[in-house]
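The structure appears below as structure tokens.
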Amino acid sequence: MHPLLRDGDILRIAAYGRALPRRGDVILFFLPDEDHGIVHRVVAVRKEKVETRGDNNRHTDLGWIKRENIVGRVVEAFSSDYAVTVHGGKKGLLIHYALRLFLFLKMALKPILKQAGWLQKGRRVFRASLEVVR
């Protein structure tokens with residue numbers, strides 16, 4: 001889920017209860033036969049299962065995630081130097097597609113910027129912005 005979430009972040013999870021996950025929600029789930037949780041964004045919902053994809057992944061995850069494997073929705077992430085509100089639903093989808101567009105443009109423009117001399121080695125021109133909560 002990089003750049004929104006990073007390894008080592010502490011996540012606040014909200015259980016769904018009777019509610020169903022929505023497209024755009026960032027969820028924590030476990031796959032059968034796996035001992036670690038996975039955090040990805042919901043990109044499709046069908047009855048009692050969802051399809052997910054990480055914000056930095058090109059393809060959706062293989063297979064549908066059953067509702068009983070979903071722990072809940074990620075609502076906030078904390079590290080030692082920041083706190084981030086994690087949006088779901090339509091706003092979450094908008095953020096997801098904006099990040100995908102940003103990553104695509106970054107890859108597409110990198111050779112052009114390098115050739116024009118605007119991108120120096122070891123220096124970043126583009127940065128993803130996060131909504132910071134204080």
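In the structure tokens, chains take letters A, B, ... by order of appearance, with residues numbered from 1 within each chain and ligands from 1 in the order shown.
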
Spatial neighbours of Asn56 in chain A, max dist 10 Å, only C-alpha atoms, sep filter under 3 positions, as an MDAnalysis selection string: chainID A and resid 1:4 40 53 59 96 99:100 103

For those residues, write N, CA, C and O atoms to a file as a short mmCIF file (atom, residue, chain, number, x, y, z; two decimals), in the first residue's frame.
```cif
data_model
loop_
_atom_site.label_atom_id
_atom_site.label_comp_id
_atom_site.auth_asym_id
_atom_site.auth_seq_id
_atom_site.Cartn_x
_atom_site.Cartn_y
_atom_site.Cartn_z
N MET A 1 0.81 -1.20 0.00
CA MET A 1 0.00 0.00 0.00
C MET A 1 0.85 1.26 0.00
O MET A 1 0.35 2.34 0.24
N HIS A 2 2.14 1.08 -0.25
CA HIS A 2 3.02 2.23 -0.38
C HIS A 2 2.59 3.05 -1.59
O HIS A 2 2.21 2.48 -2.59
N PRO A 3 2.50 4.33 -1.59
CA PRO A 3 3.08 5.28 -0.65
C PRO A 3 2.15 5.68 0.49
O PRO A 3 2.59 6.40 1.38
N LEU A 4 0.88 5.25 0.49
CA LEU A 4 -0.04 5.66 1.54
C LEU A 4 0.36 5.07 2.89
O LEU A 4 0.42 5.77 3.89
N HIS A 40 -4.91 -4.12 1.67
CA HIS A 40 -5.10 -3.66 0.29
C HIS A 40 -6.42 -2.94 0.17
O HIS A 40 -7.28 -3.03 1.05
N ARG A 53 -6.66 -4.76 -4.44
CA ARG A 53 -5.40 -4.44 -5.12
C ARG A 53 -4.65 -3.44 -4.22
O ARG A 53 -5.25 -2.52 -3.68
N HIS A 59 -1.87 -4.98 -10.94
CA HIS A 59 -2.96 -5.94 -11.14
C HIS A 59 -3.69 -6.20 -9.83
O HIS A 59 -3.12 -6.05 -8.75
N HIS A 96 -7.03 6.36 -4.75
CA HIS A 96 -6.41 5.20 -5.39
C HIS A 96 -6.07 5.49 -6.85
O HIS A 96 -4.95 5.27 -7.30
N LEU A 99 -3.34 8.16 -7.25
CA LEU A 99 -2.01 7.59 -7.01
C LEU A 99 -1.54 6.77 -8.21
O LEU A 99 -0.38 6.83 -8.60
N ARG A 100 -2.47 5.99 -8.79
CA ARG A 100 -2.10 5.20 -9.97
C ARG A 100 -1.71 6.11 -11.13
O ARG A 100 -0.75 5.85 -11.85
N LEU A 103 1.74 7.55 -10.40
CA LEU A 103 2.81 6.59 -10.63
C LEU A 103 3.03 6.36 -12.13
O LEU A 103 4.17 6.24 -12.58
#
```

DSSP-assigned strand (DSSP E or B) members of range 14-132 of chain A, reported as an MDAnalysis selection string: chainID A and resid 14 26:29 38:46 49:53 65:66 70:78 83:85 132

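If you measure from each of A:Ala77, A:Leu101, A:Lys91, A:Leu113 to Gly8 in chain A using only C-alpha atoms, the closest one turns out to be A:Ala77.
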
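Closest approach to Leu11 in chain A from the set A:Gly63, A:Gly24, A:Pro32, A:Gly72 is made by A:Gly72, with distances taken over only C-alpha atoms.
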
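Among A:Val26, A:Ile13, A:Leu20, A:Val74, the residue with the shortest atom-to-atom distance to Gly92 in chain A, counting only C-alpha atoms, is A:Val26.
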
DSSP helix (DSSP H, G or I) residues within chain A, listed as an MDAnalysis selection string: chainID A and resid 67:69 89:116

Shell around Asn69 in chain A at 8 Å using only C-alpha atoms, local window under 3 positions removed, as number ranges by chain: A: 29-32, 65-66

Just-selected residues, all heavy atoms written as a PDB file, in the first residue's frame:
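Okay, this is what ended up in result.pdb:
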```
ATOM      1  N   PHE A  29      -7.021  -8.126   5.863  1.00  0.00           N
ATOM      2  CA  PHE A  29      -7.597  -9.458   5.732  1.00  0.00           C
ATOM      3  C   PHE A  29      -6.508 -10.517   5.838  1.00  0.00           C
ATOM      4  O   PHE A  29      -5.320 -10.226   5.714  1.00  0.00           O
ATOM      5  CB  PHE A  29      -8.373  -9.612   4.415  1.00  0.00           C
ATOM      6  CG  PHE A  29      -7.535  -9.447   3.168  1.00  0.00           C
ATOM      7  CD1 PHE A  29      -6.959 -10.543   2.543  1.00  0.00           C
ATOM      8  CD2 PHE A  29      -7.341  -8.199   2.611  1.00  0.00           C
ATOM      9  CE1 PHE A  29      -6.194 -10.394   1.400  1.00  0.00           C
ATOM     10  CE2 PHE A  29      -6.584  -8.029   1.459  1.00  0.00           C
ATOM     11  CZ  PHE A  29      -6.002  -9.141   0.857  1.00  0.00           C
ATOM     12  N   PHE A  30      -6.932 -11.736   6.095  1.00  0.00           N
ATOM     13  CA  PHE A  30      -6.038 -12.890   6.145  1.00  0.00           C
ATOM     14  C   PHE A  30      -6.467 -13.868   5.079  1.00  0.00           C
ATOM     15  O   PHE A  30      -7.661 -14.097   4.887  1.00  0.00           O
ATOM     16  CB  PHE A  30      -6.097 -13.570   7.516  1.00  0.00           C
ATOM     17  CG  PHE A  30      -5.392 -12.805   8.588  1.00  0.00           C
ATOM     18  CD1 PHE A  30      -6.044 -11.815   9.291  1.00  0.00           C
ATOM     19  CD2 PHE A  30      -4.066 -13.069   8.888  1.00  0.00           C
ATOM     20  CE1 PHE A  30      -5.399 -11.091  10.276  1.00  0.00           C
ATOM     21  CE2 PHE A  30      -3.403 -12.354   9.874  1.00  0.00           C
ATOM     22  CZ  PHE A  30      -4.071 -11.363  10.569  1.00  0.00           C
ATOM     23  N   LEU A  31      -5.508 -14.430   4.368  1.00  0.00           N
ATOM     24  CA  LEU A  31      -5.792 -15.495   3.414  1.00  0.00           C
ATOM     25  C   LEU A  31      -5.703 -16.832   4.131  1.00  0.00           C
ATOM     26  O   LEU A  31      -4.919 -16.983   5.073  1.00  0.00           O
ATOM     27  CB  LEU A  31      -4.780 -15.470   2.265  1.00  0.00           C
ATOM     28  CG  LEU A  31      -4.833 -14.256   1.354  1.00  0.00           C
ATOM     29  CD1 LEU A  31      -3.684 -14.315   0.350  1.00  0.00           C
ATOM     30  CD2 LEU A  31      -6.161 -14.193   0.625  1.00  0.00           C
ATOM     31  N   PRO A  32      -6.499 -17.808   3.695  1.00  0.00           N
ATOM     32  CA  PRO A  32      -6.359 -19.145   4.287  1.00  0.00           C
ATOM     33  C   PRO A  32      -4.915 -19.634   4.091  1.00  0.00           C
ATOM     34  O   PRO A  32      -4.288 -19.345   3.070  1.00  0.00           O
ATOM     35  CB  PRO A  32      -7.340 -20.002   3.483  1.00  0.00           C
ATOM     36  CG  PRO A  32      -8.304 -19.032   2.888  1.00  0.00           C
ATOM     37  CD  PRO A  32      -7.544 -17.762   2.683  1.00  0.00           C
ATOM     38  N   ILE A  65     -11.751 -12.280  -1.891  1.00  0.00           N
ATOM     39  CA  ILE A  65     -11.586 -12.407  -0.446  1.00  0.00           C
ATOM     40  C   ILE A  65     -12.968 -12.553   0.177  1.00  0.00           C
ATOM     41  O   ILE A  65     -13.832 -11.690  -0.013  1.00  0.00           O
ATOM     42  CB  ILE A  65     -10.891 -11.149   0.146  1.00  0.00           C
ATOM     43  CG1 ILE A  65      -9.623 -10.799  -0.625  1.00  0.00           C
ATOM     44  CG2 ILE A  65     -10.629 -11.333   1.629  1.00  0.00           C
ATOM     45  CD1 ILE A  65      -8.594 -11.880  -0.696  1.00  0.00           C
ATOM     46  N   LYS A  66     -13.173 -13.639   0.908  1.00  0.00           N
ATOM     47  CA  LYS A  66     -14.461 -13.871   1.560  1.00  0.00           C
ATOM     48  C   LYS A  66     -14.597 -12.966   2.783  1.00  0.00           C
ATOM     49  O   LYS A  66     -13.619 -12.630   3.434  1.00  0.00           O
ATOM     50  CB  LYS A  66     -14.601 -15.336   1.972  1.00  0.00           C
ATOM     51  CG  LYS A  66     -14.650 -16.274   0.796  1.00  0.00           C
ATOM     52  CD  LYS A  66     -14.779 -17.697   1.261  1.00  0.00           C
ATOM     53  CE  LYS A  66     -14.766 -18.640   0.074  1.00  0.00           C
ATOM     54  NZ  LYS A  66     -14.798 -20.030   0.500  1.00  0.00           N
TER      55      LYS A  66
END
```

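With only C-alpha atoms taken into account, the protein and nucleic acid residues at most 10 Å from range 84-90 of chain A (excluding it and anything under 5 positions from it in its own chain) are Leu4, Leu5, Asp9, Leu11, Arg12, Pro21, Arg22, Arg23, Gly24, Asp25, Val26, Ile27, Arg41, Val42, Val43, Arg73, Val74, Val75, Glu76, Ala77, Phe78, Ser79, Ile95, His96, Leu130, Glu131, Val132, Val133 and Arg134 of chain A.
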
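What separates CA of Glu51 in chain A from CA of Glu34 in chain A is a distance of 17.5 Å.
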
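One finds CA of Arg58 in chain A at 15.5 Å from CA of Val39 in chain A.
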
Distance in Å - CA of Lys49 in chain A versus CA of Ala19 in chain A: 12.5 Å
